[in-house]
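This report refers to the structure that appears directly beneath it.
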Amino acid sequence: MSSPPSGVDLVAVRRDLEARRDRTRARVAALAQRPELGSAQGFGKRIGDGTIEAVSRLTEIGVGESLERGLARTERALAKLDDGTYGRCDTCGKPIGRARLLAIPDGVLCLTCAESARQVRPPRRR
Ligand SMILES: [Zn+2]
């Protein structure tokens, strides 16, 4: 067993992560239940309300994807709490800094690995 990161209250972290996971699951479920989400309605064919709806639908799909990514990360952090590797980087195995853990309780990568992961796959923004 690796020792837990000092100065980090693992009981509080687990409580926070579980609450976050449950909240995120509820939001994902709510989005998934919307029957129009993902239906094959073209956009750009109509202007006016239809276009606005299509855009907001795209936004919802984007929100859903980032929710699922966040959920996976939270679940991974909880799994690391269970197996005693919480606070260690998933990629290199080095300890994640305490300040970083406090800032990002569901972070599973150290700053170095998180930075290089970002550089490999830069976010596309317009
Ligand atoms: Zn690392």
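By convention in this document, the chains of the structure tokens carry letters A, B, ... by their order, each chain's residues are numbered from 1, and ligands are numbered from 1 in the order they are shown.
Where the distance criterion is 12 Å and the atoms used are only C-alpha atoms and all ligand atoms, the residues close to ligand 1 are Gly87, Arg88, Cys89, Asp90, Thr91, Cys92, Gly93, Lys94, Pro95, Ile96, Gly97, Gly107, Val108, Leu109, Cys110, Leu111, Thr112, Cys113, Ala114, Glu115, Ser116 and Ala117 of chain A.
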Any chance you could tabulate, as a Markdown table, the residues of range 53-97 of chain A at most 7 Å from range 13-23 of chain A with each one's nearest atom pair and distance in Å to one decimal, using only C-alpha atoms, in chain and rising number order?
| residue | atom | partner | partner_atom | distance |
| --- | --- | --- | --- | --- |
| A:Leu71 | CA | A:Arg21 | CA | 6.0 |
| A:Thr74 | CA | A:Arg21 | CA | 6.1 |
| A:Glu75 | CA | A:Arg21 | CA | 6.9 |
| A:Leu78 | CA | A:Arg14 | CA | 6.8 |
Using Å and a single decimal, report how far CA of Arg73 in chain A sits from CA of Gln33 in chain A.
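Computing the Euclidean distance for CA of Gln33 in chain A and CA of Arg73 in chain A yields 22.4 Å.
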